Amino acid sequence: MPTTFRNLPPLVWTLFAGTIVNRLGYLVTPFLVFFLASRGVTGSDTSYVLGALGAGHLLGPAVGGVLADRVGRRPTMLIGLIGTAAAQGALFLAPGVWTMAAAALLISAAGSTVSPAAYALLADAVDGERRRRAYALFGWGVNIGTAVGGVLGGYLAAHGYWLLFAVDAGAMLLYALVVTFRVKEPERAPSPTEGRGEEIGYGVVLRDRLALLVLPLFGAQLFVYSLTEVALPLAIRDSGLSPAVYGAMAAVNAILVVALQPFATAWLARLPQLAVQSAGGTLIAVGVALTGLADGVVGYTVSVVVWSLGEVVVAGIAASVVANLAPAHARGRYQGAFGWVWGTARFAALTLGITIYTILGPAVLWWTALATGTAAAAATLALTTRIERRTVHTLAA
């Protein structure tokens with residue numbers, strides 16, 4: 001393990017281990033279409049369930065950010081984890097399309113309330129100089145759990161979909177036990193406007209002009225990255241290749257990220273984080289755009305390697321920047337806003353991205369990804385002075 005992670009406090013390692021377990025509780029979603037088909041749900045009815053799943057990712061972070069600041073980080077995480085486990089059971093037992101859609105909405109909404117509270121906990125536990133490393137370690141745990149879950153999910157699905165639901169619910173409840181016995185609620189920072197109605201919601205974020213510039217730029221970069229989950233399988237299919245090729249590409253991404261991220265974080269920690277973020281964002285945009293030039297396994301592998309290296313480079317930086325912008329009493333809401341931007345980016349990739357691909361053509365989508373990603377990276381770099389000035393002021397406060 002690189003020395004860059006060795007001086008992080010025990011809470012960070014607890015959340016790292018818990019996150020690996022938690023990501024094992026996301027087995028149902030990749031196989032949801034197949035599960036629905038096994039229950040006789042096909043065609044347009046499938047879109048209702050998937051749409052509800054996407055909508056939950058827009059609702060959950062916003063609610064989680066408010067709860068993290070109002071009722072606490074630990075209670076919010078427990079609400080999300082236990083709620084997700086219950087929703088998994090509800091989806092498995094749901095008798096019809098609309099009850100399935102309601103359960104899918106609850107799964108994604110409850111599950112996405114956890115991240116703002118966990119990210120706020122990390123900001124509470126480490127100072128600004130170490131936050132980037134803490135968030136990178138947290139992201140590494142997500143990738144490790146996702147990689148293991150991808151292999152495990154395929155095996156379990158072949159032996160019965162009920163196993164996916166059982167493992168998902170069990171992983172959520174196990175993480176809830178870790179939070180219950182290993183995570184202590186930090187003392188809540190006092191708000192300078194305690195008691196005002198504006199402090200209940202996201203007014204503190206909406207009044208922050210710099211945050212309103214930074215968050216959309218991160219959202220644009222996340223949109224480009226999300227195309228790797230949405231448009232890449234369509235491109236592989238349209239090239240006449242089998243679904244196994246997409247599985248192999250996912251494996252290449254997982255191996256590169258899990259193997260390289262800790263060492264890349266250690267090496268890049270000495271460089272200005274916004275310059276690194278911009279460089280990594282550009283790599284992702286170029287890698288995604290290279291998908292349009294690929295027509296075989298080798299071409300797709302090259303594109304995946306390029307955007308995977310970009311993913312490795314940017315690990316932990318965006319969440320760290322958001323945490324450094326946030327006043328102590330509003331860390332949960334700032335991370336909730338960041339989570340909402342992430343959910344919006346994925347939703348946009350599912351809707352706008354697919355629309356561009358199918359109606360305007362794949363070439364338009366790949367050029368759009370390249371232009372959007374590089375422009376957002378350049379604009380982020382241009383904000384370096386303002387962000388660094390705010391960071392110094394916030395840390396001093």
# chains A, B, ... in the order shown; residues from 1 in each chain; ligands from 1
>>> residues_around(residues="Ala345 (chain A)", least_positions_apart="5", cutoff="6 Å", atoms="only C-alpha atoms", output="ChimeraX atom specification")
/A:219,222-223
>>> write_last_selection(atoms="all heavy atoms", output="PDB file, in the first residue's frame")
ATOM      1  N   GLY A 219     -20.337  18.083 -13.440  1.00  0.00           N
ATOM      2  CA  GLY A 219     -21.450  17.345 -14.032  1.00  0.00           C
ATOM      3  C   GLY A 219     -21.213  17.043 -15.501  1.00  0.00           C
ATOM      4  O   GLY A 219     -21.535  15.948 -15.983  1.00  0.00           O
ATOM      5  N   LEU A 222     -18.792  14.240 -15.670  1.00  0.00           N
ATOM      6  CA  LEU A 222     -19.438  12.994 -15.271  1.00  0.00           C
ATOM      7  C   LEU A 222     -20.369  12.479 -16.359  1.00  0.00           C
ATOM      8  O   LEU A 222     -20.529  11.263 -16.529  1.00  0.00           O
ATOM      9  CB  LEU A 222     -20.206  13.205 -13.968  1.00  0.00           C
ATOM     10  CG  LEU A 222     -19.351  13.450 -12.725  1.00  0.00           C
ATOM     11  CD1 LEU A 222     -20.223  13.897 -11.550  1.00  0.00           C
ATOM     12  CD2 LEU A 222     -18.566  12.200 -12.355  1.00  0.00           C
ATOM     13  N   PHE A 223     -21.005  13.388 -17.096  1.00  0.00           N
ATOM     14  CA  PHE A 223     -21.850  12.983 -18.227  1.00  0.00           C
ATOM     15  C   PHE A 223     -21.021  12.226 -19.260  1.00  0.00           C
ATOM     16  O   PHE A 223     -21.426  11.157 -19.752  1.00  0.00           O
ATOM     17  CB  PHE A 223     -22.507  14.209 -18.856  1.00  0.00           C
ATOM     18  CG  PHE A 223     -23.102  13.954 -20.213  1.00  0.00           C
ATOM     19  CD1 PHE A 223     -24.314  13.294 -20.345  1.00  0.00           C
ATOM     20  CD2 PHE A 223     -22.439  14.379 -21.366  1.00  0.00           C
ATOM     21  CE1 PHE A 223     -24.862  13.043 -21.604  1.00  0.00           C
ATOM     22  CE2 PHE A 223     -22.979  14.144 -22.623  1.00  0.00           C
ATOM     23  CZ  PHE A 223     -24.199  13.470 -22.737  1.00  0.00           C
TER      24      PHE A 223
END
>>> residues_around(residues="Gly361 (chain A)", least_positions_apart="6", cutoff="12 Å", atoms="only C-alpha atoms", output="list in words")
Ala231, Leu234, Ala235, Asp238, Gly292, Gly353, Ile354, Thr355, Trp367 and Thr368 of chain A
>>> write_last_selection(atoms="N, CA, C and O atoms", output="PDB file, in the first residue's frame")
ATOM      1  N   ALA A 231     -23.416   4.181 -23.807  1.00  0.00           N
ATOM      2  CA  ALA A 231     -23.231   4.139 -25.253  1.00  0.00           C
ATOM      3  C   ALA A 231     -22.210   3.099 -25.694  1.00  0.00           C
ATOM      4  O   ALA A 231     -22.290   2.600 -26.825  1.00  0.00           O
ATOM      5  N   LEU A 234     -23.762  -0.150 -26.790  1.00  0.00           N
ATOM      6  CA  LEU A 234     -24.451   0.012 -28.067  1.00  0.00           C
ATOM      7  C   LEU A 234     -23.453  -0.013 -29.222  1.00  0.00           C
ATOM      8  O   LEU A 234     -23.715  -0.622 -30.273  1.00  0.00           O
ATOM      9  N   ALA A 235     -22.329   0.655 -29.051  1.00  0.00           N
ATOM     10  CA  ALA A 235     -21.312   0.671 -30.104  1.00  0.00           C
ATOM     11  C   ALA A 235     -20.757  -0.728 -30.359  1.00  0.00           C
ATOM     12  O   ALA A 235     -20.556  -1.134 -31.513  1.00  0.00           O
ATOM     13  N   ASP A 238     -23.370  -2.676 -32.240  1.00  0.00           N
ATOM     14  CA  ASP A 238     -23.492  -2.251 -33.629  1.00  0.00           C
ATOM     15  C   ASP A 238     -22.275  -2.633 -34.462  1.00  0.00           C
ATOM     16  O   ASP A 238     -22.333  -2.597 -35.704  1.00  0.00           O
ATOM     17  N   GLY A 292     -15.573   5.953 -31.160  1.00  0.00           N
ATOM     18  CA  GLY A 292     -16.103   6.140 -32.506  1.00  0.00           C
ATOM     19  C   GLY A 292     -15.174   5.660 -33.599  1.00  0.00           C
ATOM     20  O   GLY A 292     -15.613   5.454 -34.740  1.00  0.00           O
ATOM     21  N   GLY A 353     -27.911  11.146 -24.135  1.00  0.00           N
ATOM     22  CA  GLY A 353     -26.853  10.416 -24.826  1.00  0.00           C
ATOM     23  C   GLY A 353     -27.405   9.393 -25.801  1.00  0.00           C
ATOM     24  O   GLY A 353     -26.962   9.306 -26.952  1.00  0.00           O
ATOM     25  N   ILE A 354     -28.383   8.605 -25.352  1.00  0.00           N
ATOM     26  CA  ILE A 354     -28.969   7.594 -26.222  1.00  0.00           C
ATOM     27  C   ILE A 354     -29.741   8.240 -27.363  1.00  0.00           C
ATOM     28  O   ILE A 354     -29.738   7.751 -28.496  1.00  0.00           O
ATOM     29  N   THR A 355     -30.405   9.372 -27.088  1.00  0.00           N
ATOM     30  CA  THR A 355     -31.143  10.068 -28.144  1.00  0.00           C
ATOM     31  C   THR A 355     -30.196  10.543 -29.245  1.00  0.00           C
ATOM     32  O   THR A 355     -30.474  10.377 -30.442  1.00  0.00           O
ATOM     33  N   TRP A 367     -18.219  13.123 -30.964  1.00  0.00           N
ATOM     34  CA  TRP A 367     -17.706  14.487 -31.063  1.00  0.00           C
ATOM     35  C   TRP A 367     -18.236  15.363 -29.930  1.00  0.00           C
ATOM     36  O   TRP A 367     -17.515  16.210 -29.393  1.00  0.00           O
ATOM     37  N   THR A 368     -19.514  15.147 -29.574  1.00  0.00           N
ATOM     38  CA  THR A 368     -20.089  15.902 -28.455  1.00  0.00           C
ATOM     39  C   THR A 368     -19.359  15.586 -27.161  1.00  0.00           C
ATOM     40  O   THR A 368     -19.064  16.487 -26.360  1.00  0.00           O
TER      41      THR A 368
END
>>> closest_residue(among="A:Val302, A:Val183, A:Ala117, A:Val286", to="Val71 (chain A)", atoms="only C-alpha atoms")
A:Ala117
>>> closest_atom_pairs(of="region 102-151 of chain A", to="region 260-271 of chain A", cutoff="10 Å", atoms="only C-alpha atoms", output="tab-separated table")
residue	atom	partner	partner_atom	distance
A:Glu129	CA	A:Ala269	CA	9.6
A:Arg130	CA	A:Ala269	CA	9.4
A:Arg132	CA	A:Ala269	CA	8.1
A:Arg133	CA	A:Thr265	CA	7.0
A:Ala136	CA	A:Thr265	CA	7.1
A:Leu137	CA	A:Pro262	CA	7.4
A:Gly139	CA	A:Gln261	CA	9.2
A:Trp140	CA	A:Gln261	CA	6.9
A:Asn143	CA	A:Gln261	CA	9.7
>>> closest_residue(among="A:Ser278, A:Gln335, A:Ser38, A:Thr291", to="Val63 (chain A)", atoms="only C-alpha atoms")
A:Gln335
>>> atom_distance(atom1="CA of Arg331 (chain A)", atom2="CA of Ala120 (chain A)")
5.4 Å
>>> atom_distance(atom1="CA of Val288 (chain A)", atom2="CA of Thr19 (chain A)")
27.3 Å
>>> residues_around(residues="Ala285 (chain A)", least_positions_apart="6", cutoff="8 Å", atoms="only C-alpha atoms", output="PDB file with C-alpha atoms, in the first residue's frame")
ATOM      1  CA  GLN A 221     -17.318  15.611 -17.045  1.00  0.00           C
ATOM      2  CA  VAL A 224     -18.995  12.115 -20.579  1.00  0.00           C
ATOM      3  CA  TYR A 225     -17.771   9.383 -18.235  1.00  0.00           C
ATOM      4  CA  TRP A 307     -10.540   6.609 -20.402  1.00  0.00           C
ATOM      5  CA  ALA A 369     -18.329  13.909 -25.743  1.00  0.00           C
ATOM      6  CA  LEU A 370     -14.911  15.147 -26.858  1.00  0.00           C
ATOM      7  CA  ALA A 371     -16.009  18.792 -27.040  1.00  0.00           C
ATOM      8  CA  THR A 372     -17.931  18.684 -23.745  1.00  0.00           C
ATOM      9  CA  GLY A 373     -15.185  16.932 -21.797  1.00  0.00           C
ATOM     10  CA  THR A 374     -12.309  19.078 -22.995  1.00  0.00           C
TER      11      THR A 374
END
>>> closest_residue(among="A:Leu210, A:Leu59, A:Ala279, A:Ala171", to="Val312 (chain A)", atoms="only C-alpha atoms")
A:Ala279
>>> closest_residue(among="A:Leu256, A:Ala330, A:Ile82, A:Ala104", to="Val306 (chain A)", atoms="only C-alpha atoms")
A:Leu256
>>> atom_distance(atom1="CA of Leu325 (chain A)", atom2="CA of Pro272 (chain A)")
16.0 Å
>>> closest_residue(among="A:Phe16, A:Tyr175, A:Phe34, A:Tyr202", to="Gly80 (chain A)", atoms="only C-alpha atoms")
A:Tyr175
>>> closest_residue(among="A:Ala328, A:Val258, A:Ala319, A:Leu53", to="Thr29 (chain A)", atoms="only C-alpha atoms")
A:Leu53
